[in-house]
Every structure is written in structure tokens, then in C-alpha cells.
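Each remark here refers to the structure printed beneath this line.
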Amino acid sequence: MAEQGTSGLCRVLVVGGGFSGLTSAVDAAETGAEVIVIEKNPYLGGRVAQLNKYFPKMCPPMCGLEINFKRIKTNPLISFYTNAEIESISGSEGDFTVNVVINPRFINNNCVACDACSQICPVDRPNDFNFGLDNTKAAYLPYNQAMPFIYAIDGKTCKGASCGKCLEVCKYNAIDLSMKPEKKTFKVHSVILATGWNPYDATKIDNLKYGSVKNVVSNMMMERLSSTTGPTNGIIKRPSDGKVVNNIAFVQCAGSRDENHLEFCSYICCMASLKHTKYIREQNPDSNATIFYIDIRTPGKYEQFYWSVKEDSNVTFVKGKVANIEQAKGSDDVVVEAEDIDTGEKKEITFDMVVLATGMEPSCATTKVNGYKFTKEGFGIQENGLYIAGCSKNPMDVSKSAQDATSAAMKALQSGHGR
Amino acid sequence: MEKKLACYICTGCGLGEAINVDKVSNIVKNALKVPIVKSHSALCNQEGVELIKADISAEGANTIIIVGCSLRVKHQEFSFANCIVERVPVRELCLWLLEKPEDVQIAAEDYIKMGVIKAQKANFPEPYIMETVKNILVIGGGIAGMTSALRCADMGYDVVLVEKEAQLGGFVNKLYKQIPTKLPFTEPLIVDTDIQSTIKAVESHPKIKVFKSSKVEKTEGQPGAFDVTISTNGKEEIVKIGTVILAAGWKPYDATKLEHLGYGKFKDVVTNIEFEEIAKKGNGKILRPSDGKPAKKVAFIQCAGSRDPNHLPYCSAMCCASSLKQTKYVRQDNDACAMVFYKDIRTPGRTEYYYKEAQNDPGVMLTKADVIGVSDAGNGNMYVDMENSLLGEKVKVEADLVVLATGIVPATIDDPIINLQYRQGPGLPDLDLYNGFADSNFICFQYETRRTGIYAAGCVRQPMNMAEAQEDATGAALKAIQCAEHVAKGIAVHPRAWDLTYPEPFMQKCTACKRCTEECPFGAIDEDEKGTPYFKPNRCRRCATCMGACPERIVSFKDYHVDMIGTMLKSVSVPSEDDDPRLIVLVCENDAYPAIDAAAKAGIKIDKAVRFVQLRCLGSTNLVWIADALSRGIDGMLLMGCKYGENYQCHFAKGSELANYRLSKVQETLSRLQLESERVQMVQLAIDEGDQVPKMILDFVDRVKEIGPNPFKGF
């Protein structure tokens with residue numbers, strides 16, 4: 001039976017519970033629409049939950065997420081489903097039918113986050129929230145301020161009823177290892193696609209040796225390595241041997257602006273790397289950072305942020321594309337080979353760790369949402385009643401995503417107007 | 001409505017073992033006179049929730065105190081319609097944060113007492129309802145303003161559009177062509193702006209009233225009930241307005257300030273806007289202004305004024321793509337070549353494809369260079385002089401037409417535009433923080449200005465291109481509608497978009513000291529001719545800064561007032577031993593408190609001396625609380641709030657900064673009590689800094705121990 005909602009209200013379904021999706025949801029609901037949020041992860045917050053700080057304010061992303069979480073909790077017009085995915089969207093503007101599958105979390109709302117299941121769980125799994133830099137148990141809390149604040153069991157690694165140790169220790173009847181996928185159907189006036197992005201798979205960029213040379217990491221890993229809730233408690237250490245990083249390189253356009261990879265500019269990576277130089281420079285006064293770039297793109301007021309980094313004499317900018325990356329002989333250090341375009345000089349410099357400013361690949365490049373049309377890059381194409389917000393539309397940063405999501409909410413409301 | 005209190009003590013999560021439930025039940029029932037007191041082994045489970053619901057329906061309980069976990073979890077379970085719900089987080093603040101079992105019990109008793117007092121002192125909200133209108137004023141008839149106007153009008157809202165020029169369309173009128181804003185991005189590269197059809201849609205829309213050659217002289221009143229004076233050729237008209245969209249746009253940077261680039265010296269040095277007019281006039285043919293001859297070698301100088309500390313200290317964001325578009329004009333209908341001299345080419349996202357397209361055209365030369373000047377080539381042409389270019393160290397390149405990619409300057413740089421009749425001034429505050437742009441300080445909340453019901457969109461907010469301006473304007477339309485609807489129902493807007501309460505001052509006791517009118521971050525309080533403040537509740541965001549500012553303690557909210565927090569503080573136990581201090585920490589509920597919750601979950605322990613009290617914003621801290629607490633023997637008070645300064649994180653913009661400012665004045669209060677000023681301090685804590693809480697607390701405990709016990713102890 002499809003859920004029809006309250007008559008007279010516009011009804012909007014938002015695909016994705018990251019910053020864009022939540023902003024669309026909150027703004028549409030606070031303007032009187034009923035909103036359903038569908039999130040594939042076991043938590044809301046998306047990419048921004050993984051960020052250590054925002055540029056240019058160097059403020060924590062949880063601060064704005066917390067306000068949005070509070071608005072969701074206090075607004076009866078918003079409902080959300082985690083571990084959920086879209087099966088199909090059919091119909092037309094003002095009358096869509098959306099089929100959703102809710103995958104099993106194996107833990108229900110009785111969970112009080114006491115951690116007993118996690119403590120007894122014998123299975124380790126790579127922590128996807130930290131990009132595999134550490135492990136969690138198969139029964140885990142996705143992150144320390146997760147919404148909803150309940151645990152999840154990773155169905156792929158959990159041994160199921162044959163183990164069942166967590167069942168014995170849970171005092172709250174919160175675990176159900178036999179939980180099955182559940183299907184739901186919603187009738188809505190409009191849909192907002194806000195599925196966001198994935199870091200581009202750097203193993204595809206042959207010359208940058210991600211995955212084969214030790215201590216070559218992605219910019220999103222750098223966020224987790226800098227976060228007090230990350231695998232190193234916020235001390236920037238390199239993965240291979242835990243050495244505190246002193247000399248670091250950033251390779252811009254790792255995959256972006258490259259016809260073999262992402263043809264477009266990913267917008268955020270220049271600002272992200274500049275921000276990363278601040279992470280390490282503030283933590284370690286003796287540290288040095290080198291940025292290899294083609295163009296530094298810091299639009300609008302972000303220019304000031306660029307200037308503030310340029311003032312730091314321990315940060316070096318080299319205009320030039322990185323030709324090759326190798327492991328240093330006899331150590332875990334990393335050698336970067338690049339040509340300095342300004343001087344024509346070929347450079348070979350050794351670093352403790354290299355951060356690839358990997359670009360933004362729209363999530364729908366790999367996982368399409370059935371019912372939408374996409375460009376060859378995987379960005380969504382808007383049609384009447386089917387709107388798009390944030391990085392599933394174009395590469396953009398958090399502030400632009402927030403703005404864009406409010407705009408998408410307006411369009412979604414118009415689809416329900418007068419019906 | 002008569003209140004009936006009911007208190008439920010959860011014994012799950014180990015609370016049953018850690019707390020003497022019988023003892024606290026007794027306190028709640030007998031000392032605090034709560035008629036219904038029950039406990040349950042897992043209150044958040046269905047059975048527990050049903051227990052509460054049964055008392056609500058059978059016993060008429062309507063003020064529910066939950067002793068258990070933090071307000072930030074199990075919200076859905078503990079939401080009861082038409083009830084006041086007070087959550088006492090003994091799990092986080094006692095069981096998890098404190099080391100020793102005996103300390104857990106004492107702390108739990110304190111928190112429960114405070115929770116019950118809070119519930120007793122809270123009243124049911126009654127929204128502020130006044131007669132409101134929902135029509136929307138759009139200032140600016142450019143592409144952003146027209147987009148907002150159409151969005152609002154199509155949703156059924158009446159729109160008043162004010163444009164200073166004699167025609168609508170703004171800068172787009174001047175453009176020859178534009179970059180397509182829709183897919184596919186590459187072909188064709190330039191398209192008609194189609195601005196006339198947008199203008200027609202606006203002018204023929206029955207819901208839109210257009211004022212041309214007009215400006216906003218005055219904006220008085222408050223959201224839902226603004227009186228806006230619009231003047232047209234000297235004739236004034238007053239219009240009732242609900243909310244406002246500020247889409248006043250931009251102007252090009254004054255090129256006469258770019259003398260070194262030859263502007264004003266050579267007729268054939270033009271700005272990018274003038275170049276559009278040349279292309280438009282010639283219908284694609286580029287003829288030199290000096291002699292009307294077709295241009296053959298057109299040089300584009302990027303960042304003419306932008307990214308320059310002597311001119312504009314920001315990037316104008318749109319000029320790179322504009323110049324690339326203009327090279328297309330040169331190449332498409334003229335037998336000419338184009339040269340672009342840039343610092344960095346900035347074509348984010350898929351605008352990168354235009355850059356690539358230009359790179360693939362042999363008739364377009366693109367090079368990084370520091371242009372140092374434009375000089376006379378002697379033959380009617382000019383040299384572009386540059387350093388550090390990819391062509392060589394010091395180079396001159398000849399051109400017969402030079403286009404300066406001048407940047408954008410917001411209309412609000414030297415004109416408030418909206419002309420608010422607010423005590424705190426006519427324009428939006430904080431413009432100086434953003435080089436005159438009417439931007440938001442909040443990364444997460446782009447439309448938040450510090451003037452409720454006024455939303456900026458387009459290039460007056462940030463440098464942006466046309467497609468972005470249209471999106472921005474669409475979002476602003478939603479915010480304007482949202483605010484108009486909220487104030488009609490008496491509900492606050494962001495960030496307390498659920499709040500039905502509002503400040504209710506007891507004016508008979510007002511001394512007109514003006515602290516509230518000066519401090520309100522949103523300019524919600526004006527003064528009459530005699531200097532007496534009067535509140536404009538629809539401008540208010542409910543941070544309660546006025547409540548904190550008022551020395552007469554006359555400002556109250558139904559569910560939040562000076563007496564409530566004061567009484568709570570006075571109920572905290574004071575240990576009799578001299579070496580056993582008691583400290584109260586006032587915490588911001590938005591950021592500092594979640595950080596403490598996170599620390600508790602992480603198993604971090606803190607000193608037993610402290611009791612946390614959550615405030616809706618640190619700006620609501622009233623100095624009388626410090627006197628109340630310290631005169632009862634509390635040894636010290638710590639204020640824990642958001643980072644302030646240029647990159648402030650306070651959701652109410654100024655709350656924590658004002659709390660700090662007030663502390664600088666606390667000396668007076670403390671010296672009256674003959675206490676050391678260091679007993680009261682403030683720290684800044686961001687939401688992700690929970691790990692720093694124990695040290696902050698310990699440092700403060702140590703400091704207070706050094707000072708010694710409060711002499712009022714035991715009185």
C-alpha cells in the first residue's frame with residue numbers, strides 16, 4: 001500500500017541525507033511540505049560528517065549538522081529512512097510513485113547505544129567512515145555524533161545467528177539478526193536527487209601510484225587523519241608506520257580536468273588542499289607543505305584564504321603537473337617527480353606523505369537512481385518534478401550545496417502547488 | 001492550561017545500579033511535590049513510552065520530566081503532543097562523565113532538582129500573532145530579482161518588484177550572448193540571453209507589480225508587517241510587505257582606477273561590459289571604438305582589479321568564463337585572434353569545458369602572465385606589457401583592442417539599499433566582513449542575514465554567474481515565503497524554526513537603559529522618542545540575548561526566563577568541605593553541550609565539582625545568575641560557548657561574544673560580594689572539541705582551588 005500523506009500538503013521525497021538532502025528537507029518542511037528522506041548509509045550527514053573542518057572558516061561541520069538534526073527531530077513533517085535505497089521512480093510531476101527498499105540494520109530503535117554488542121563482537125571490518133584507515137567491529141556506531149544515535153550491524157561481515165554473541169549481551173532487545181529487507185512505496189508530488197559524490201577512485205590514475213606506493217593518500221583520508229574522531233585522534237600520522245608527518249605534498253587535479261578521468265574541474269580541491277596545509281602547519285610548526293597545481297581556483301572571497309596560505313613561507317606552490325610518484329629507496333617516504341612550468345626545471349622531491357587532491361565523482365556515475373536521466377559524467381538532468389541538489393548536479397562546495405538545496409526545495413514545492 | 005507534572009526515572013543503561021532510585025523518587029515526590037513519579041527499566045522502549053502515554057491520557061499529565069538520557073537522543077520516543085517535556089541527562093552528565101559512584105548520586109540529585117524546577121517554571125507557549133501580510137518585496141529587476149519574483153508569484157504570492165532603472169533586465173540587457181546555462185554545456189558555446197521573454201513574463205504576471213525608475217526610501221516595521229516607502233520620480237507610495245528579497249546586483253569595478261592598464265588613456269582599452277556592448281551593437285562584428293575599424297588582435301587582461309590588494313581583494317568568479325565567451329565572439333564573426341592573459345584560469349565544474357574549447361582553438365592564445373601595464377605601440381595599437389609569462393620573463397604583446405576583465409562590486413558597497421528604519425542602522429550588518437557583499441557568515445546557512453525576513457540573492461550576495469544567480473534567487477524565494485508563513489503563525493525562523501515562544505518584556509519596570517536595543521544581534525528592538533525600547537517580535541530569533549542583557553530582568557519567554565535559570569542554580573548542592581568546590585558551567589545547548597555529550601559517550605571523565613546548565617545561547621546569560629549562585633556559596637562559574645570574532649560560530653551571531661563582553665563588567669557584581677573576579681570565566685568550545693572539556697574543567701577547578709573556598713559557603 002503506497003503512503004499517500006496528508007491531503008492538501010505538498011509531498012516531497014529527497015534521495016540522500018547528506019548536507020544537500022537535509023537542507024532541502026528542512027527547507028521544504030519548514031515551508032509546509034511533507035518530506036521523506038531516503039539515505040543509503042546507516043546515518044545522516046553524508047560527506048560533511050567525515051570532514052574535519054570547513055574552509056574558509058575552519059569551523060566544524062557538526063555544528064551546522066547539529067542544527068539541522070534538531071530541526072528534523074522537532075519537525076513532524078519530516079520522516080527519514082536510513083539503510084534505504086530507491087528501487088524505482090515512476091509517474092509524472094505532481095504524481096510520482098517511489099519504491100524504496102530498506103535494507104536491514106539488524107538493530108532496531110530499542111538500541112540505547114550502550115556499546116555492549118560492539119564490545120563482544122568478534123568480527124573486525126574496515127571502517128568505511130575512515131576510508132579503511134582503521135577497523136570497527138561488525139556491530140558499530142557509524143560515528144560519534146551519528147544521527148540516528150543507534151548502532152548498526154554490517155550484514156556483509158557479521159557471521160549472523162551462528163555467532164549471535166551480541167544477542168546474549170543486549171539487554172534491550174535491540175538486535176534482530178533475522179531482519180529482512182523491507183519495501184515501501186510513497187506517493188509524492190516531486191523528488192529531489194541529492195545523492196552527492198564519491199572521491200574519484202585514485203587507483204585508476206596510473207602515474208600517481210595510489211594503492212601501490214605507501215603513504216599516498218586521498219584528500220578525504222587527510223580529513224579523517226586530521227580529525228580528533230579519526231583513526232589517529234587528530235594527529236596527522238602517515239598510514240604505513242605511524243610516523244608524524246612533517247613534510248607533505250599535495251597533488252592537485254588528481255583525476256580532475258583530465259579527459260582520461262574526470263573532464264571537469266571538481267571545484268573544491270584547491271580550497272581543500274589549502275585548508276589541509278593549515279591543518280598540518282597549525283599542528284606542527286616545523287612542517288613544510290608543497291602544492292603542485294595547474295591553476296589555483298579560489299573563487300570569490302576564498303581568494304583571501306589563498307592569500308593567507310601564500311603568506312606562510314613553509315608552504316611552497318609549484319605550478320606543474322606531477323609526472324610520476326615512486327617509493328623512496330629504503331624508506332616509506334614518497335618521491336614526487338614534476339616539471340615546474342614557471343622555470344622549466346624538472347623536480348624530484350621526497351616527502352613523508354603525499355595527498356592526492358582526488359576529484360568529485362557524482363555518486364550516480366557508479367550507482368544510477370532509476371527514474372532519473374544522467375549526463376555522461378553521471379550528473380543528474382533535471383526534469384519537471386524531478387529536481388537535483390548539490391554535487392549530484394555539479395561539483396560544488398558545502399555552502400553552494402546548501403544554497404542549491406534551498407533552491408531545489410523551492411522547485412519541489414512548486415510541483416505540489418495547486419494540486 | 002493547568003500544569004500537571006509527572007516524573008519518570010529510567011533505570012536502564014546502568015542508571016538503576018548507579019542511582020538510588022528510591023531516594024531520588026522521594027525527593028521528587030515529597031520535596032519537589034511532583035504528583036506522579038515512576039521508574040522503568042527502559043523508558044525509551046515501547047513499554048516505557050506507553051507508561052508515560054497512559055498517564056497523559058488517564059491522569060492528565062502534561063509536563064513530563066524524563067530522568068535518563070540526553071535530549072539529543074530518543075527524541076521521537078519522548079515527544080508528546082501538547083506537553084512540556086524536560087529531559088534530565090543523568091546518563092551522560094552523571095553516569096558517564098563521573099568516576100566515583102557516590103559522586104554520581106549527588107550529581108544526579110542536583111540535575112533532577114534542576115530539571116523539575118525547570119519544568120515547574122515553564123509555561124505552555126502561546127504564539128505571537130499579529131495581523132500580517134505575505135506579499136514579497138523584490139529589490140532589483142535583474143535576472144536574480146526577476147527569477148525570485150516569478151518563483152514567488154507562481155506560488156501564489158503577491159510580489160512587488162522595485163527596479164532603479166527605467167527598464168527591467170539589469171546587466172543582462174547589455175550582453176550580446178550568454179553561456180548556456182543548461183545541458184549540453186559545449187554546443188553551442190554561446191546562446192541568446194532571451195532576457196526579453198523573462199521581462200515579458202514578469203511584466204505580464206498578474207501577481208507581480210513592477211515599479212521602474214524607483215527606489216526603496218524606507219523600510220519600517222517587521223517581517224509580516226513592513227511598511228515600505230517606494231519613490232518613483234519623486235512620487236512616494238507606502239506598501240505593506242511581508243518579507244524582502246534583496247537582489248540589487250552589482251556594478252563593474254571602476255576602470256578609471258586602472259590607469260596603468262590604459263583605461264581612459266587609450267580609446268581602444270575597454271571593459272568587459274563595454275566589449276559586450278560593442279559586440280551587441282555590431283551584431284557580432286567587433287569594431288574598435290577609436291576608428292571603427294574591425295579589430296584583428298584582441299587582448300583580454302584578466303583580474304583587472306580583482307585579486308589585487310590595491311583594488312578588489314577577492315576573485316570576481318565570473319570573469320574567466322566571460323572572457324572565454326568573449327574570445328568566441330572574436331573568433332566566430334571576425335577574422336581576428338584573441339589573447340587571454342591570466343593569473344589562473346578559473347573555470348570550476350563543467351565551465352572547464354569552455355576553457356578546453358578555447359585551448360583547442362589555434363586562434364586563441366592563453367597564457368599565464370603578470371600584466372604590469374598597457375603602453376602605446378605608436379601605430380595606433382597598444383602593447384600589453386607583462387612579466388613572468390609563459391612567453392618569457394619580460395614581454396610586450398601588440399594588440400589593437402584591449403579588454404579589461406573588470407570585476408564586480410556589490411550594490412551594497414556604498415548604499416544600504418533597503419534603508420531599514422532600525423535602531424541599529426539602515427543596512428545589513430557585517431557587510432564590512434565580506435567586502436560589502438550582503439553575504440552570510442554561515443557556511444551551512446547561506447541565506448542567513450542578521451535581519452530577519454530579508455534575504456539576499458545574486459551578485460549582491462556573492463560574485464557569481466548568471467546560472468548561479470538564478471539558482472540563488474530561487475532559494476531566496478523559498479526563504480522569503482517560509483518566513484512570511486512562519487511569522488503569520490507566530491513561529492520563529494532559523495535556527496529555532498519550531499519555537500512558538502517570544503520575548504515578553506514587563507515594560508513597567510524598564511529603565512530605558514538601552515542595553516537590549518544595543519545588543520540584540522538581529523536589531524529586533526527599537527526605541528520610541530523617549531528612548532523606551534519596544535520589541536518587534538517578528539524580527540526576533542529567540543536567542544534571548546535581550547533577557548541576558550537586561551539588568552532589571554524584565555524579559556521573559558514562556559519557557560525560558562531569568563527566574564527559571566536563577567532558581568535552578570540556587571538549587572545546586574554546595575559541599576560543606578572547604579576542599580570540595582562546587583562549580584557551575586553554563587553551556588550553549590547548540591555546540592558546547594553536544595561536545596560534552598560526545599565526550600561522555602567517549603568515556604571521558606571530568607571533575608566531580610561541576611554541574612552543567614544548558615542555555616539556549618550564551619548571550620542569554622544574565623549577570624544576576626552569577627550573583628545568585630556565588631552568594632549561595634558556589635565557588636565558581638564557567639561560561640562555555642561558541643567561538644567568536646570574525647569567523648564567529650554562534651548561530652545567533654553575537655551570543656558568545658556578548659556573554660564575554662558582559663563578563664568584563666562582572667567585576668562590579670563580584671566586588672559588591674567581595675569575591676575575586678577570576679571565579680567567573682569564559683571559554684570557547686566548538687562542537688568537535690569535546691576532548692578538551694576535561695582539561696578546561698580541571699584548569700578552572702585548579703584555579704578556583706587556588707583562590708580558595710567561597711566565603712559564602714554554609715551561609
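How things are named: the first chain in the C-alpha cells is A, the next is B, and so on; residues count from 1 in each chain; ligands count from 1 in the order shown.
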
For segment 219-233 of chain B, work out the shell of residues within 10 Å, counting only C-alpha atoms and skipping chain neighbours fewer than 4 positions away, then give it as a PyMOL selection string. chain B and resi 130-137+162-164+211-215+237-244+417-422+426+451-454+480+483-488+524+526+535-540

Check the DSSP output for the backbone and give back, as number ranges by chain, the residues of segment 168-408 of chain B in alpha helix (DSSP H). B: 195-203, 272-281, 319-333, 352-359

List every residue of segment 179-368 of chain A that DSSP, applied to the backbone of this structure, assigns to strand (DSSP E), and report them as a ChimeraX atom specification. /A:182-188,190-193,197-199,216-218,247-254,288-293,315-319,322-327,334-339,346-351,353-358,360-362

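The residue that comes closest to chain A, out of B:Leu673, B:Ala255, B:Cys152, B:Leu698 and on the basis of only C-alpha atoms, is B:Cys152.
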
Residues within 9 Å of Gly305 of chain B, only C-alpha atoms, excluding chain neighbours under 6 positions, as a VMD selection string: chain B and resid 253 to 255 257 to 258 311 to 313 404 to 407

Once you have the residues from the selection above, write them out as an mmCIF file, in the first residue's frame, restricted to C-alpha atoms.
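And here is the file that came out, selection24.cif:
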```cif
data_model
loop_
_atom_site.group_PDB
_atom_site.id
_atom_site.type_symbol
_atom_site.label_atom_id
_atom_site.label_comp_id
_atom_site.auth_asym_id
_atom_site.auth_seq_id
_atom_site.Cartn_x
_atom_site.Cartn_y
_atom_site.Cartn_z
ATOM 1 C CA TYR B 253 34.703 47.918 -10.752
ATOM 2 C CA ASP B 254 35.537 51.489 -11.678
ATOM 3 C CA ALA B 255 38.010 51.065 -14.537
ATOM 4 C CA LYS B 257 41.136 53.375 -11.191
ATOM 5 C CA LEU B 258 43.050 51.061 -13.539
ATOM 6 C CA HIS B 311 41.690 47.170 -5.679
ATOM 7 C CA LEU B 312 39.380 44.200 -5.021
ATOM 8 C CA PRO B 313 40.764 41.654 -2.522
ATOM 9 C CA LEU B 404 39.868 44.595 -19.202
ATOM 10 C CA ALA B 405 38.090 41.845 -17.331
ATOM 11 C CA THR B 406 36.945 44.199 -14.616
ATOM 12 C CA GLY B 407 35.492 42.609 -11.529
#
```

What are the closest atom pairs, with distances in Å to one decimal, for each residue of chain A lying within 7 Å of chain B, using only C-alpha atoms, rows by chain and rising residue number, as a tab-separated table?
```
residue	atom	partner	partner_atom	distance
A:Glu30	CA	B:Gln482	CA	6.6
A:Thr31	CA	B:Gln482	CA	4.8
A:Lys57	CA	B:Asn647	CA	5.7
A:Pro60	CA	B:Asp688	CA	6.3
A:Met62	CA	B:Ile687	CA	6.6
A:Cys63	CA	B:Ile687	CA	5.9
A:Gly64	CA	B:Cys444	CA	5.7
A:Ile67	CA	B:Pro495	CA	7.0
A:Lys73	CA	B:His75	CA	6.5
A:Thr74	CA	B:Trp498	CA	6.8
A:Asn110	CA	B:Asn45	CA	5.6
A:Cys114	CA	B:Cys13	CA	6.7
A:Asn144	CA	B:Ala598	CA	6.5
A:Gln145	CA	B:Ala598	CA	6.6
A:Phe149	CA	B:Val73	CA	6.4
A:Phe264	CA	B:Arg350	CA	5.0
A:Cys265	CA	B:Gly349	CA	4.6
A:Ser266	CA	B:Gly349	CA	5.6
A:Tyr267	CA	B:Pro348	CA	5.1
A:Asp295	CA	B:Asp344	CA	4.9
A:Ile296	CA	B:Asp344	CA	6.2
A:Arg297	CA	B:Arg346	CA	5.5
A:Pro299	CA	B:Ala317	CA	5.0
A:Gly300	CA	B:Cys315	CA	4.4
A:Lys301	CA	B:Tyr314	CA	5.1
A:Glu303	CA	B:Tyr314	CA	5.3
A:Gln304	CA	B:Tyr314	CA	6.6
A:Asp342	CA	B:Leu390	CA	6.9
A:Asn394	CA	B:Gly349	CA	6.3
A:Pro395	CA	B:Gly349	CA	5.3
A:Val398	CA	B:Ile443	CA	6.9
A:Ser399	CA	B:Ile443	CA	4.8
A:Ala402	CA	B:Cys444	CA	6.0
A:Gln403	CA	B:Gln446	CA	5.8
A:Asp404	CA	B:Glu471	CA	6.5
A:Thr406	CA	B:Gly475	CA	4.8
A:Ser407	CA	B:Gly475	CA	3.7
A:Met410	CA	B:Leu478	CA	5.3
A:Gln414	CA	B:Met155	CA	6.4
A:His417	CA	B:Met155	CA	6.5
```

C-alpha atoms of the current selection, written as a short mmCIF file (atom, residue, chain, number, x, y, z; two decimals), in the first residue's frame:
```cif
data_model
loop_
_atom_site.label_atom_id
_atom_site.label_comp_id
_atom_site.auth_asym_id
_atom_site.auth_seq_id
_atom_site.Cartn_x
_atom_site.Cartn_y
_atom_site.Cartn_z
CA GLU A 30 9.58 24.42 7.21
CA THR A 31 7.64 25.85 4.27
CA LYS A 57 36.14 29.48 8.45
CA PRO A 60 33.47 22.09 12.48
CA MET A 62 28.97 19.04 13.06
CA CYS A 63 27.89 22.49 14.19
CA GLY A 64 25.55 23.04 11.25
CA ILE A 67 21.13 22.39 13.99
CA LYS A 73 13.76 15.92 15.19
CA THR A 74 11.40 18.74 16.07
CA ASN A 110 15.36 -0.06 21.15
CA CYS A 114 25.45 1.12 25.32
CA ASN A 144 30.47 9.61 17.49
CA GLN A 145 27.63 12.07 16.89
CA PHE A 149 22.26 7.59 17.55
CA PHE A 264 35.51 18.73 -15.30
CA CYS A 265 37.08 20.73 -12.50
CA SER A 266 35.95 19.40 -9.12
CA TYR A 267 35.74 22.89 -7.63
CA ASP A 295 45.65 26.75 -11.66
CA ILE A 296 44.73 27.68 -8.10
CA ARG A 297 40.98 28.15 -8.11
CA PRO A 299 36.66 32.00 -6.38
CA GLY A 300 35.04 34.94 -4.63
CA LYS A 301 36.03 35.57 -1.04
CA GLU A 303 40.85 34.35 -2.55
CA GLN A 304 41.61 35.69 0.92
CA ASP A 342 57.45 28.64 -14.47
CA ASN A 394 27.50 19.93 -10.44
CA PRO A 395 30.72 19.89 -8.44
CA VAL A 398 29.15 22.86 1.10
CA SER A 399 27.99 26.45 1.01
CA ALA A 402 23.30 24.40 0.92
CA GLN A 403 22.22 27.26 -1.33
CA ASP A 404 21.43 24.93 -4.21
CA THR A 406 17.20 25.50 -0.83
CA SER A 407 16.66 26.33 -4.48
CA MET A 410 11.54 25.76 -3.93
CA GLN A 414 6.11 24.33 -6.95
CA HIS A 417 1.37 23.88 -5.74
#
```

Using only C-alpha atoms, which residues sit within 9 Å of Ser79 of chain A once same-chain residues fewer than 6 positions away are excluded, as a VMD selection string? chain A and resid 34 to 38 72 to 73

Name the residues in contact with Leu133 of chain A at a cut-off of 9 Å, using only C-alpha atoms, excluding same-chain residues fewer than 6 positions from it; report them as a compact mmCIF listing (two decimals) with C-alpha atoms, in the first residue's frame.
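Wrote it out as result-v4.txt, contents follow:
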```txt
# COMPACT_ATOMS: atom_id res chain seq x y z
CA PRO A 126 37.35 -1.94 7.58
CA ASN A 127 35.89 1.32 8.82
CA MET A 221 41.61 10.41 4.03
CA ARG A 224 39.99 11.69 8.74
CA LEU A 225 43.70 11.72 9.63
CA GLY A 230 39.58 9.85 13.23
CA PRO A 231 41.93 6.87 13.32
CA PRO A 239 49.49 5.15 7.48
```

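Residue nearest Glu361 of chain A, chosen from A:Val335, A:Leu262, A:Ile150, A:Leu51 and counting only C-alpha atoms: A:Leu262.
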
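With only C-alpha atoms taken into account, the protein and nucleic acid residues at most 10 Å from Ala609 of chain B (excluding it and anything under 2 positions from it in its own chain) are B:Leu98, B:Asp103, B:Ala107, B:Val574, B:Pro575, B:Asp580, B:Pro581, B:Arg582, B:Leu583, B:Ile584, B:Ile606, B:Asp607, B:Arg611, B:Asp635, B:Gly636, B:Ile697, B:Leu698, B:Val701.
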
Which residues, written as a ChimeraX atom specification, have at least one atom at most 12 Å from segment 155-160 of chain A, with only C-alpha atoms counted and residues fewer than 6 positions away on the same chain left out? /A:42,83,103-107,117-118,121-127,135-140,166-167,175-181

Between atom CA of Asn173 of chain B and atom CA of Pro206 of chain B - distance in Å to one decimal: 23.4 Å

Calculated over only C-alpha atoms, which of the candidates A:Asn233, A:Thr290, A:Asn68, A:Asn173 has the smallest distance to Lys310 of chain A? A:Thr290
